[in-house]
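**Student:** Let me give you the structure first, and then I'll get to my questions.
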Amino acid sequence: MPALCRDCLTEFDDGTRCPACGRPRIVRHAELRELSIAHMDCDAFYASVEKRDNPDLADKPVIIGGGKRGVVSTACYVARIRGVRSAMPMFQALKLCPDAVIIKPRMSVYAEVSRIVRGFMEELTPAIEPLSLDEAFLDLSGTARLHGAPPAVMLARLTRRMRDEVGITGSIGLSHNKFLAKIASDLDKPRGFSVIGRAETQAFLRPKPVRLIWGVGQATQEALDRAGIRTFEDLLRWDREALTARFGSMGDRLWHLARGEDMRRVTRDAPMKSISNETTFHEDTADPDILDGHLWRMCEKVADRAKAKGLAGRVVTLKVKRSDFTLISRRQSLGDATQVADRLYRTARGMFDQLGNKGPYRLLGAGLSDLVPADQADRLGDLLDPQAARRAGAERATDAIRARFGEDAILKGRALR
């Protein structure tokens with residue numbers, strides 16, 4: 001059976017230790033030299049960067065997030081063992097892990113590390129589909145002749161470069177389509193390398209819970225539960241027409257995924273249709289201060305992403321999910337496009353106020369759509385709000401200060417809620 005040492009990159013036939021270096025970090029699979037669709041996911045990315053920059057944190061639980069009324073952005077694996085999870089309220093995380101070191105996010109630093117890792121990927125293949133700063137799909141089909149090695153070797157080399165040259169680690173999922181590659185990358189974190197081959201796809205999926213499917217949230221999961229669908233084996237008992245009748249387009253997708261089929265290509269630089277940010281609360285809340293703080297931070301993140309990509313949006317969206325899983329979406333068109341957090345927040349807040357805060361809520365989200373180039377943004381101003389231009393100018397000045405002195409150089413009081 002083909003085998004690969006993830007430390008020295010020696011290829012060999014079977015064995016539990018590398019014949020060259022004697023180490024046990026081996027990946028073995030019958031299709032190891034044939035598969036070419038991969039998902040790379042950095043391990044606890046933000047926390048790993050912080051530990052890299054401060055070696056004193058190496059063995060300590062680290063949480064990236066806001067103040068006591070904020071939420072966890074991410075946590076290192078030491079903190080995760082204690083039960084800390086992303087989007088958990090900070091006060092809850094500190095109850096579980098009172099000795100944690102709390103660090104505010106340094107997005108400009110994380111973005112620079114992401115840029116370096118993306119450069120490593122570009123040396124392997126032009127077919128890269130980033131999902132966020134810390135994860136991406138790669139299609140290495142046809143690259144073996146170019147590199148003189150199969151995709152598995154090049155992926156192991158990628159994570160070794162990340163460790164040696166950048167000081168962070170990542171996990172690889174390798175398979176024959178995107179759906180399975182993403183599942184595989186999460187099977188053995190951190191520092192994992194997992195393979196799901198064609199021959200084993202059905203046997204691998206059959207006993208697994210359908211919540212493994214990317215995009216199946218709590219509400220969809222409950223709908224599947226009501227239909228008696230909890231595993232992929234349950235899905236296989238339904239014919240395609242029945243699934244489509246019950247779940248619409250999602251049913252057709254489920255039918256294909258139950259068989260391990262995913263025809264989506266790894267798409268480089270696909271046109272962006274929207275920019276959004278949302279969070280699911282660890283505990284449902286109707287607290288107006290907590291909700292307002294979350295809404296501001298989301299709008300700020302959306303605005304930052306829009307500015308970074310040179311885009312603006314003509315439509316503001318608000319998304320909320322109540323504790324009974326009722327999902328509500330609202331959209332409001334603007335007179336002209338914007339990429340200003342203040343304008344995005346005020347529009348989203350207005351839509352939220354119209355709902356009457358009939359919480360508690362379990363999810364909150366905000367976004368921009370109908371995207372246009374940034375040079376078309378905020379031309380007309382707001383005749384009903386003469387102070388809008390002044391606030392937009394202050395926001396641009398804040399952006400400049402952060403770009404020069406760091407993300408924490410200046411904060412709005414609202415962001416601390």
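Naming scheme: A, B, ... for chains in displayed order of the structure tokens; residues 1 onward per chain; ligands 1 onward as shown.
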Segment 170-236 of chain A near segment 264-288 of chain A within 10 Å: what's each residue's closest atom pair and its distance in Å to one decimal, counting only C-alpha atoms, ordered by chain then ascending residue number, as a Markdown table?

**Tutor:**
```
| residue | atom | partner | partner_atom | distance |
| --- | --- | --- | --- | --- |
| A:Asn177 | CA | A:Arg264 | CA | 7.7 |
| A:Lys178 | CA | A:Arg264 | CA | 7.1 |
| A:Phe179 | CA | A:Arg264 | CA | 8.7 |
```

**Student:** Could I get the residues of segment 80-101 of chain A with an atom no further than 12 Å from an atom of segment 34-53 of chain A, each paired with its nearest atom pair and that distance in Å to one decimal, using only C-alpha atoms, sorted by chain and residue number, as a Markdown table?

**Tutor:**
```
| residue | atom | partner | partner_atom | distance |
| --- | --- | --- | --- | --- |
| A:Arg80 | CA | A:Ala44 | CA | 9.7 |
| A:Arg85 | CA | A:Ala44 | CA | 10.9 |
| A:Ser86 | CA | A:Ala44 | CA | 10.3 |
| A:Ala100 | CA | A:Ala47 | CA | 11.8 |
| A:Val101 | CA | A:Ala47 | CA | 10.3 |
```

**Student:** Considering only C-alpha atoms, can you say which of A:Arg343, A:Arg237, A:Arg115, A:Arg322 comes closest to Val166 of chain A?

**Tutor:**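 Under the stated criterion, the closest residue is A:Arg115.
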
**Student:** Find, counting only C-alpha atoms, the residue in A:Arg25, A:Arg226, A:Arg191, A:Arg346 that gets nearest to Gly173 of chain A.

**Tutor:**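 Nearest to Gly173 of chain A: A:Arg191.
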